[in-house]
$ cat structure.tsv   # TSV, C-alpha atoms
chain	number	residue	atom	x	y	z
G	17	MET	CA	-53.61	-33.25	-91.13
G	18	LYS	CA	-53.72	-30.30	-93.52
G	19	TRP	CA	-50.61	-28.16	-93.90
G	20	TRP	CA	-52.38	-24.95	-92.86
G	21	VAL	CA	-53.48	-26.60	-89.58
G	22	ILE	CA	-49.86	-27.51	-88.83
G	23	LEU	CA	-48.71	-23.94	-89.51
G	24	SER	CA	-51.48	-22.60	-87.29
G	25	MET	CA	-50.41	-24.87	-84.44
G	26	LEU	CA	-46.77	-23.85	-84.81
G	27	GLY	CA	-47.76	-20.18	-84.83
G	28	TRP	CA	-49.64	-20.43	-81.55
G	29	LEU	CA	-46.71	-22.26	-79.94
G	30	PHE	CA	-44.39	-19.33	-80.60
G	31	ILE	CA	-46.71	-16.48	-79.58
G	32	PRO	CA	-46.14	-16.68	-75.78
G	33	ALA	CA	-42.35	-16.69	-76.22
G	34	ILE	CA	-42.41	-13.58	-78.42
G	35	ALA	CA	-44.76	-11.77	-76.05
G	36	GLN	CA	-42.63	-12.61	-73.02
G	37	ASP	CA	-39.43	-11.23	-74.60
G	38	ASP	CA	-41.19	-7.89	-75.06
G	39	LEU	CA	-42.15	-7.54	-71.40
G	40	PRO	CA	-40.40	-4.88	-69.29
G	41	PRO	CA	-38.41	-5.75	-66.14
G	42	TYR	CA	-40.24	-5.59	-62.83
G	43	ALA	CA	-39.33	-4.95	-59.20
G	44	VAL	CA	-39.42	-7.54	-56.41
G	45	PRO	CA	-39.39	-5.82	-52.98
G	46	LEU	CA	-37.19	-6.89	-50.09
G	47	THR	CA	-39.13	-8.49	-47.23
G	48	VAL	CA	-37.93	-6.49	-44.22
G	49	GLU	CA	-37.03	-8.35	-41.00
G	50	THR	CA	-34.96	-5.88	-38.93
G	51	VAL	CA	-34.15	-2.17	-39.16
G	52	ASN	CA	-31.54	-0.16	-37.25
G	53	VAL	CA	-30.73	3.58	-37.34
G	54	GLU	CA	-27.34	5.03	-36.35
G	55	ILE	CA	-26.80	8.78	-36.00
G	56	THR	CA	-23.47	10.60	-35.84
G	57	GLN	CA	-23.01	13.61	-33.57
G	58	SER	CA	-21.47	15.67	-36.34
G	59	GLU	CA	-22.95	18.94	-37.59
G	60	PRO	CA	-25.20	18.38	-39.38
G	61	PRO	CA	-25.91	14.84	-38.11
G	62	GLN	CA	-25.57	11.96	-40.58
G	63	VAL	CA	-28.12	9.18	-40.43
G	64	THR	CA	-27.22	5.62	-41.46
G	65	LEU	CA	-29.86	2.97	-42.02
G	66	GLN	CA	-29.19	-0.76	-41.68
G	67	VAL	CA	-31.80	-3.16	-43.01
G	68	TRP	CA	-31.87	-6.94	-42.79
G	69	GLY	CA	-34.31	-8.93	-44.91
G	70	TYR	CA	-34.74	-11.47	-47.67
G	71	ILE	CA	-35.97	-12.01	-51.22
G	72	GLU	CA	-38.39	-14.93	-51.48
G	73	ASN	CA	-37.75	-17.45	-54.29
G	74	ALA	CA	-35.85	-15.04	-56.52
G	75	CYS	CA	-32.53	-14.76	-58.32
G	76	ASP	CA	-29.52	-13.38	-56.47
G	77	PHE	CA	-29.54	-9.93	-58.06
G	78	PRO	CA	-28.09	-6.90	-56.21
G	79	ILE	CA	-30.39	-4.85	-54.01
G	80	GLU	CA	-31.32	-1.47	-55.48
G	81	SER	CA	-32.58	1.46	-53.43
G	82	GLN	CA	-34.66	4.59	-53.83
G	83	GLN	CA	-35.40	7.22	-51.23
G	84	TYR	CA	-37.35	10.43	-51.16
G	85	GLN	CA	-38.49	12.79	-48.41
G	86	SER	CA	-41.92	14.32	-47.84
G	87	GLY	CA	-41.88	16.69	-44.88
G	88	ARG	CA	-40.47	14.77	-41.93
G	89	VAL	CA	-41.01	11.35	-43.49
G	90	ILE	CA	-38.24	9.60	-45.44
G	91	TYR	CA	-39.45	6.81	-47.73
G	92	VAL	CA	-36.93	4.06	-48.52
G	93	ARG	CA	-37.61	1.40	-51.15
G	94	LEU	CA	-35.35	-1.66	-51.40
G	95	TYR	CA	-35.84	-4.16	-54.22
G	96	ILE	CA	-34.24	-6.22	-56.97
G	97	THR	CA	-34.99	-5.74	-60.67
G	98	MET	CA	-36.08	-8.95	-62.37
G	99	PRO	CA	-35.77	-9.43	-66.15
G	100	PRO	CA	-39.11	-10.84	-67.40
G	101	ASN	CA	-37.60	-13.82	-69.22
G	102	VAL	CA	-35.51	-15.12	-66.29
G	103	ARG	CA	-36.78	-17.98	-64.14
G	104	CYS	CA	-34.98	-18.52	-60.84
G	105	ALA	CA	-34.30	-21.76	-59.03
G	106	VAL	CA	-36.75	-22.28	-56.18
G	107	ARG	CA	-35.10	-21.85	-52.81
G	108	GLU	CA	-36.12	-20.92	-49.28
G	109	SER	CA	-34.95	-17.30	-49.46
G	110	ILE	CA	-31.93	-15.11	-50.18
G	111	GLN	CA	-30.79	-13.05	-47.20
G	112	HIS	CA	-29.62	-9.47	-47.70
G	113	THR	CA	-28.08	-6.79	-45.48
G	114	VAL	CA	-28.27	-3.21	-46.72
G	115	THR	CA	-26.37	-0.26	-45.22
G	116	MET	CA	-27.17	3.17	-46.63
G	117	THR	CA	-26.95	6.85	-45.71
G	118	LEU	CA	-30.19	8.79	-45.66
G	119	ASN	CA	-30.20	11.86	-47.88
G	120	GLY	CA	-31.19	15.25	-46.53
G	121	THR	CA	-30.35	17.59	-43.66
G	122	PHE	CA	-31.63	16.54	-40.24
G	123	GLU	CA	-32.05	18.93	-37.31
G	124	LYS	CA	-31.63	17.90	-33.70
G	125	GLY	CA	-34.76	18.08	-31.58
G	126	ILE	CA	-37.06	17.19	-34.49
G	127	VAL	CA	-38.59	13.72	-34.76
G	128	TYR	CA	-38.37	12.15	-38.22
G	129	THR	CA	-39.99	8.98	-39.53
G	130	VAL	CA	-38.33	6.53	-41.92
G	131	ASP	CA	-40.62	4.20	-43.87
G	132	VAL	CA	-38.90	1.07	-45.25
G	133	ASN	CA	-40.85	-0.71	-48.01
G	134	GLY	CA	-44.10	0.19	-46.27
G	135	ALA	CA	-43.36	-2.59	-43.75
G	136	VAL	CA	-42.00	-0.54	-40.86
G	137	GLN	CA	-42.11	3.07	-39.76
G	138	LEU	CA	-39.31	3.98	-37.36
G	139	GLU	CA	-39.13	7.34	-35.59
G	140	PHE	CA	-35.83	8.97	-34.65
G	141	ASP	CA	-34.49	12.26	-33.31
G	142	PRO	CA	-30.94	13.17	-34.45
G	143	ALA	CA	-30.21	14.30	-30.87
G	144	GLN	CA	-30.70	10.74	-29.56
G	145	GLY	CA	-27.68	9.11	-31.19
G	146	VAL	CA	-28.32	5.41	-31.79
G	147	VAL	CA	-31.97	4.39	-32.03
G	148	PRO	CA	-32.79	0.97	-30.49
G	149	LEU	CA	-32.98	-1.96	-32.92
G	150	THR	CA	-36.43	-2.61	-34.33
G	151	ASN	CA	-37.48	-6.15	-35.27
G	152	ILE	CA	-40.25	-6.80	-37.77
G	153	PRO	CA	-42.51	-9.68	-36.68
G	154	GLN	CA	-42.16	-12.74	-38.91
G	155	ARG	CA	-45.42	-14.12	-40.24
G	156	SER	CA	-45.93	-17.84	-40.85
G	157	TYR	CA	-49.06	-19.26	-42.45
G	158	SER	CA	-50.64	-22.43	-41.11
G	159	GLN	CA	-51.07	-25.51	-43.28
G	160	VAL	CA	-54.74	-26.33	-43.94
G	161	GLU	CA	-55.64	-30.03	-43.99
G	162	HIS	CA	-59.44	-30.18	-43.68
G	163	VAL	CA	-62.30	-27.68	-43.98
G	164	SER	CA	-66.03	-27.99	-43.33
G	165	ALA	CA	-68.78	-25.37	-43.68
G	166	THR	CA	-72.16	-25.07	-41.95
G	167	ILE	CA	-74.98	-22.56	-42.33
G	168	VAL	CA	-75.77	-21.30	-38.83
G	169	GLU	CA	-78.12	-18.44	-39.79
G	170	THR	CA	-80.25	-17.98	-42.91
G	171	SER	CA	-81.35	-14.35	-42.47
G	172	PRO	CA	-78.89	-12.79	-42.77
G	173	LEU	CA	-76.92	-15.67	-44.25
G	174	GLN	CA	-73.99	-16.74	-42.04
G	175	ILE	CA	-71.61	-19.64	-42.62
G	176	LEU	CA	-69.31	-21.15	-39.99
G	177	PHE	CA	-66.07	-22.64	-41.35
G	178	THR	CA	-64.18	-25.18	-39.25
G	179	VAL	CA	-60.52	-25.36	-40.28
G	180	GLU	CA	-58.13	-28.10	-39.16
G	181	GLY	CA	-54.41	-28.19	-39.88
G	182	VAL	CA	-50.92	-27.80	-38.46
G	183	HIS	CA	-48.64	-24.92	-37.56
G	184	PRO	CA	-45.13	-25.21	-39.06
G	185	ASP	CA	-43.40	-24.90	-35.66
G	186	GLY	CA	-44.00	-25.33	-31.93
G	187	CYS	CA	-43.94	-21.65	-30.93
G	188	GLU	CA	-46.53	-20.74	-28.30
G	189	VAL	CA	-47.86	-17.62	-30.06
G	190	PRO	CA	-51.47	-16.68	-30.82
G	191	LEU	CA	-53.20	-17.57	-34.09
G	192	TRP	CA	-54.49	-14.58	-36.03
G	193	VAL	CA	-57.41	-14.69	-38.45
G	194	SER	CA	-58.23	-12.18	-41.20
G	195	GLN	CA	-61.20	-12.45	-43.53
G	196	SER	CA	-62.89	-10.58	-46.35
G	197	VAL	CA	-65.94	-11.13	-48.54
G	198	GLN	CA	-66.39	-9.27	-51.80
G	199	ASN	CA	-67.71	-9.47	-55.33
G	200	THR	CA	-64.74	-10.32	-57.57
G	201	ASN	CA	-65.35	-10.43	-61.32
G	202	GLY	CA	-69.04	-11.14	-60.69
G	203	GLU	CA	-68.34	-14.02	-58.30
G	204	GLN	CA	-68.93	-14.24	-54.55
G	205	HIS	CA	-65.40	-14.50	-53.18
G	206	ALA	CA	-64.11	-14.92	-49.62
G	207	VAL	CA	-60.48	-14.93	-48.48
G	208	ILE	CA	-59.51	-16.26	-45.04
G	209	GLU	CA	-55.94	-16.10	-43.74
G	210	LEU	CA	-54.71	-18.04	-40.71
G	211	TYR	CA	-51.26	-17.04	-39.52
G	212	ARG	CA	-49.03	-16.44	-36.51
G	213	GLU	CA	-46.44	-13.72	-35.89
G	214	ARG	CA	-43.27	-13.82	-33.81
G	215	ASP	CA	-40.08	-11.79	-33.40
G	216	ALA	CA	-37.32	-12.79	-35.79
G	217	ASN	CA	-34.87	-13.43	-32.93
G	218	ILE	CA	-37.08	-16.05	-31.23
G	219	ASP	CA	-36.11	-19.68	-31.86
G	220	CYS	CA	-39.02	-22.13	-31.98
G	221	PRO	CA	-39.05	-25.94	-31.61
G	222	MET	CA	-39.13	-27.45	-35.09
G	223	VAL	CA	-42.17	-29.61	-34.48
G	224	GLU	CA	-45.57	-29.36	-36.13
G	225	GLN	CA	-48.48	-28.33	-33.94
G	226	ALA	CA	-52.06	-29.35	-34.73
G	227	PHE	CA	-54.85	-26.76	-34.52
G	228	GLN	CA	-58.58	-26.32	-35.08
G	229	GLU	CA	-60.13	-22.89	-35.68
G	230	THR	CA	-63.64	-21.69	-36.50
G	231	VAL	CA	-64.29	-18.66	-38.71
G	232	LEU	CA	-67.72	-17.06	-39.14
G	233	ILE	CA	-68.48	-15.44	-42.50
G	234	GLY	CA	-71.54	-13.21	-42.64
G	235	PRO	CA	-73.05	-10.36	-44.67
G	236	PRO	CA	-72.80	-9.48	-47.50
G	237	LEU	CA	-73.29	-13.18	-48.37
G	238	ASP	CA	-75.91	-14.09	-50.98
G	239	ALA	CA	-77.73	-17.35	-51.65
G	240	ARG	CA	-75.38	-18.38	-54.46
G	241	ASP	CA	-72.16	-20.38	-54.72
G	242	LEU	CA	-69.19	-19.00	-52.80
G	243	PHE	CA	-65.52	-19.31	-53.74
G	244	VAL	CA	-63.46	-19.37	-50.56
G	245	GLU	CA	-59.67	-19.41	-50.24
G	246	ILE	CA	-58.07	-20.39	-46.93
G	247	ASN	CA	-54.30	-19.93	-47.06
G	248	ASP	CA	-53.12	-22.26	-49.87
G	249	SER	CA	-56.43	-24.15	-50.15
G	250	ALA	CA	-59.45	-23.19	-52.24
G	251	TYR	CA	-63.03	-24.48	-52.32
G	252	LYS	CA	-66.34	-23.87	-54.03
G	253	VAL	CA	-69.11	-23.80	-51.42
G	254	ILE	CA	-72.42	-24.97	-52.89
G	255	ILE	CA	-75.15	-22.76	-51.39
G	256	PRO	CA	-78.77	-23.66	-52.27
G	257	GLU	CA	-81.15	-21.00	-53.59
G	258	THR	CA	-83.24	-21.41	-50.44
G	259	PRO	CA	-80.67	-21.83	-47.66
G	260	THR	CA	-81.42	-23.92	-44.57
G	261	THR	CA	-79.24	-24.50	-41.54
G	262	GLY	CA	-76.91	-27.46	-41.85
G	263	GLU	CA	-73.67	-28.64	-43.44
G	264	LEU	CA	-72.71	-27.51	-46.93
G	265	THR	CA	-70.91	-29.29	-49.76
G	266	LEU	CA	-67.34	-28.12	-50.47
G	267	VAL	CA	-65.68	-28.82	-53.82
G	268	PRO	CA	-61.84	-28.65	-53.70
G	269	LEU	CA	-60.32	-26.35	-56.32
G	270	ARG	CA	-56.91	-25.87	-57.87
G	271	ARG	CA	-55.40	-22.45	-58.44
G	272	THR	CA	-53.42	-21.58	-61.59
G	273	PRO	CA	-51.81	-18.19	-62.37
G	274	VAL	CA	-52.55	-16.51	-65.70
G	275	PHE	CA	-50.05	-15.06	-68.18
G	276	VAL	CA	-50.49	-11.27	-68.30
G	277	GLU	CA	-49.67	-9.65	-71.66
G	278	SER	CA	-50.88	-6.05	-71.31
G	279	ILE	CA	-51.78	-3.42	-68.70
G	280	LEU	CA	-53.71	-0.21	-69.37
G	281	ILE	CA	-54.20	2.25	-66.49
G	282	GLU	CA	-57.29	4.44	-66.23
G	283	THR	CA	-57.56	7.19	-63.59
G	284	THR	CA	-60.16	9.78	-62.64
G	285	PHE	CA	-59.39	13.42	-61.89
G	286	ASP	CA	-61.29	13.33	-58.63
G	287	TYR	CA	-59.55	14.03	-55.33
G	288	PRO	CA	-58.48	11.48	-54.29
G	289	ALA	CA	-58.36	9.67	-57.62
G	290	GLU	CA	-59.90	6.30	-58.39
G	291	VAL	CA	-57.74	3.96	-60.46
G	292	SER	CA	-58.67	0.91	-62.52
G	293	VAL	CA	-56.46	-1.34	-64.62
G	294	HIS	CA	-57.50	-3.03	-67.86
G	295	THR	CA	-55.48	-6.20	-68.42
G	296	SER	CA	-55.50	-9.06	-70.91
G	297	GLY	CA	-53.54	-12.24	-71.48
G	298	ILE	CA	-53.69	-16.03	-71.60
G	299	MET	CA	-55.57	-18.18	-69.11
G	300	GLY	CA	-53.68	-20.86	-67.23
G	301	GLU	CA	-56.58	-23.31	-67.67
G	302	THR	CA	-58.57	-24.22	-70.78
G	303	CYS	CA	-61.61	-25.54	-68.90
G	304	PRO	CA	-64.65	-23.42	-69.83
G	305	GLU	CA	-65.82	-23.52	-66.20
G	306	ALA	CA	-62.56	-21.95	-64.91
G	307	VAL	CA	-63.25	-18.79	-62.89
G	308	LEU	CA	-60.94	-15.76	-63.13
G	309	LEU	CA	-60.33	-14.12	-59.72
G	310	TRP	CA	-57.79	-11.82	-58.10
G	311	GLN	CA	-56.45	-10.58	-54.78
G	312	GLN	CA	-54.86	-7.17	-54.13
G	313	THR	CA	-52.15	-6.10	-51.70
G	314	SER	CA	-51.65	-2.35	-51.30
G	315	TYR	CA	-48.46	-0.68	-50.14
G	316	SER	CA	-47.36	2.95	-49.89
G	317	GLN	CA	-46.27	3.27	-53.53
G	318	GLY	CA	-48.66	1.03	-55.38
G	319	VAL	CA	-50.50	-2.27	-55.42
G	320	LEU	CA	-49.72	-5.92	-56.17
G	321	VAL	CA	-52.44	-7.91	-57.95
G	322	ASP	CA	-52.43	-11.70	-57.89
G	323	LEU	CA	-54.49	-12.82	-60.93
G	324	TYR	CA	-55.38	-16.50	-61.33
G	325	THR	CA	-58.05	-19.06	-62.18
G	326	LEU	CA	-59.90	-21.54	-59.98
G	327	VAL	CA	-61.25	-24.82	-61.33
G	328	GLU	CA	-62.21	-28.15	-59.78
G	329	LYS	CA	-59.12	-29.90	-58.46
G	330	ASP	CA	-59.69	-33.10	-60.45
G	331	ALA	CA	-60.96	-31.41	-63.63
G	332	THR	CA	-59.40	-32.51	-66.92
G	333	CYS	CA	-59.23	-29.50	-69.22
G	334	PRO	CA	-59.35	-29.98	-73.02
G	335	LEU	CA	-56.28	-29.54	-75.20
G	336	THR	CA	-56.74	-26.56	-77.51
G	337	ILE	CA	-54.73	-25.28	-80.46
G	338	ALA	CA	-55.53	-21.64	-79.81
G	339	PRO	CA	-54.86	-20.27	-76.31
G	340	VAL	CA	-57.79	-19.32	-74.09
G	341	THR	CA	-57.55	-15.59	-73.47
G	342	PHE	CA	-58.97	-13.20	-70.89
G	343	ASP	CA	-59.76	-9.50	-70.87
G	344	VAL	CA	-60.81	-7.86	-67.60
G	345	THR	CA	-60.94	-4.50	-65.81
G	346	ILE	CA	-59.85	-4.47	-62.15
G	347	PRO	CA	-60.74	-1.51	-59.88
G	348	LEU	CA	-57.69	-0.91	-57.69
G	349	GLU	CA	-58.29	-0.65	-53.96
G	350	GLY	CA	-57.39	2.49	-52.07
G	351	ALA	CA	-57.39	6.22	-52.74
G	352	TYR	CA	-54.64	7.84	-54.81
G	353	ASN	CA	-53.31	11.36	-54.32
G	354	ASP	CA	-50.97	13.18	-56.71
G	355	GLY	CA	-47.80	11.17	-57.32
G	356	GLN	CA	-46.28	8.13	-59.01
G	357	TYR	CA	-47.38	4.57	-58.27
G	358	GLN	CA	-46.65	1.08	-59.53
G	359	VAL	CA	-49.10	-1.71	-60.25
G	360	ARG	CA	-47.78	-5.25	-60.70
G	361	ILE	CA	-50.05	-8.02	-61.96
G	362	ASN	CA	-48.29	-11.37	-61.65
G	363	ASP	CA	-45.03	-10.91	-63.62
G	364	LEU	CA	-45.90	-7.65	-65.40
G	365	ALA	CA	-45.42	-4.23	-63.78
G	366	GLN	CA	-46.18	-0.68	-64.88
G	367	TRP	CA	-45.68	2.75	-63.33
G	368	PHE	CA	-48.41	5.40	-63.60
G	369	SER	CA	-48.92	9.00	-62.51
G	370	VAL	CA	-51.92	10.53	-60.80
G	371	ARG	CA	-52.83	14.18	-61.27
G	372	THR	CA	-56.00	15.23	-59.48
G	373	SER	CA	-58.02	18.40	-59.09
G	374	SER	CA	-56.74	18.73	-55.53
G	375	PRO	CA	-57.81	21.83	-53.60
$ encode --input "structure.tsv" --output "structure tokens"
Amino acid sequence: MKWWVILSMLGWLFIPAIAQDDLPPYAVPLTVETVNVEITQSEPPQVTLQVWGYIENACDFPIESQQYQSGRVIYVRLYITMPPNVRCAVRESIQHTVTMTLNGTFEKGIVYTVDVNGAVQLEFDPAQGVVPLTNIPQRSYSQVEHVSATIVETSPLQILFTVEGVHPDGCEVPLWVSQSVQNTNGEQHAVIELYRERDANIDCPMVEQAFQETVLIGPPLDARDLFVEINDSAYKVIIPETPTTGELTLVPLRRTPVFVESILIETTFDYPAEVSVHTSGIMGETCPEAVLLWQQTSYSQGVLVDLYTLVEKDATCPLTIAPVTFDVTIPLEGAYNDGQYQVRINDLAQWFSVRTSSP
């Protein structure tokens, strides 16, 4: 092997480490389980907020807080700050209890709303004293074991998915289904979530419970391959150019996160503003047939983007000296008024400001 080839290989090996050291820290929000408000009868009344929750699979860093008031709404943000080059031991969760005093002057007889991490909005009147405890429903996702797909209508195209699996516990609570179909990075992309919700103070028998559920996906489906994600499972649905009713072929896929190196925010001056993010980095897979997709989760102060690749589960990707890179623009969901927001794509976060031509 020539000496310049060896140097080239060594150079590429060190690039990700250098890039990662330059990344800024990012925030991991507290998952809120229970919120309580206590109010003193002093003049003016003092309002104390108690929050119980957990950080999922993260280091045991102290909880930080921010709060600001807009009219009669108090926004509280609880989170930990993660250094970009720290990797935490995987664990179930880290429980946290936060007690804090709300800033501001509160008048009796006026109803205020406190918003905690966008997960709960609790109303209180300082004249009431102690507000009853509010529990946030806990969500548990079902484990998917087998999926089949059948075309039931060809015009418009409709596909019926039959999902079999197990619930993680024996609680007798209803199964909820959410679904979406959209064009993601030029690909037909469907996301199906199967989950159950229960109060945090309810104990359930620790026994798995089998289930079968059908989910109908309809317009705007096209007669082309469909990438569908159902909880932690992903499949490529082979749809013929001329669809006919009957069972379809499903190809199991594996999902791999990408390494994000840069984020560039672009906003319009419309009211409300439209925001898109231009991001680039290194693909997690070197297979040329790997498809780059994303999912977005919006909250009151920004959006979380999960960026990843899908490729056949048994695919063997080639070893390459140079990393396989990506460069993509993602339109952010939602409408943005004047203010500050945060976008986080995988492990990289960035704050941005919106200034519109508001009336």
$ closest_residue --input "structure.tsv" --among "G:Leu335, G:Ile96, G:Leu326, G:Ile218" --to "G:Tyr42" --atoms "all atoms listed in the file"
G:Ile96
$ atom_distance --input "structure.tsv" --atom1 "atom CA of G:Gly186" --atom2 "atom CA of G:Phe227"
11.2 Å
$ closest_residue --input "structure.tsv" --among "G:Leu232, G:Cys220, G:Cys75, G:Val53" --to "G:Gln144" --atoms "all atoms listed in the file"
G:Val53
$ residues_around --input "structure.tsv" --residues "G:His294" --least-positions-apart "2" --cutoff "7 Å" --atoms "all atoms listed in the file" --output "list in words"
Ile279, Leu280, Ile281, Ser292, Val344, Thr345 and Ile346 of chain G
$ residues_around --input "structure.tsv" --residues "G:Ala165" --least-positions-apart "4" --cutoff "9 Å" --atoms "only C-alpha atoms" --output "ChimeraX atom specification"
/G:175-179,253,262-266
$ residues_around --input "structure.tsv" --residues "stretch 307-309 of chain G" --least-positions-apart "2" --cutoff "7 Å" --atoms "all atoms listed in the file" --output "ChimeraX atom specification"
/G:200-201,305,323-327
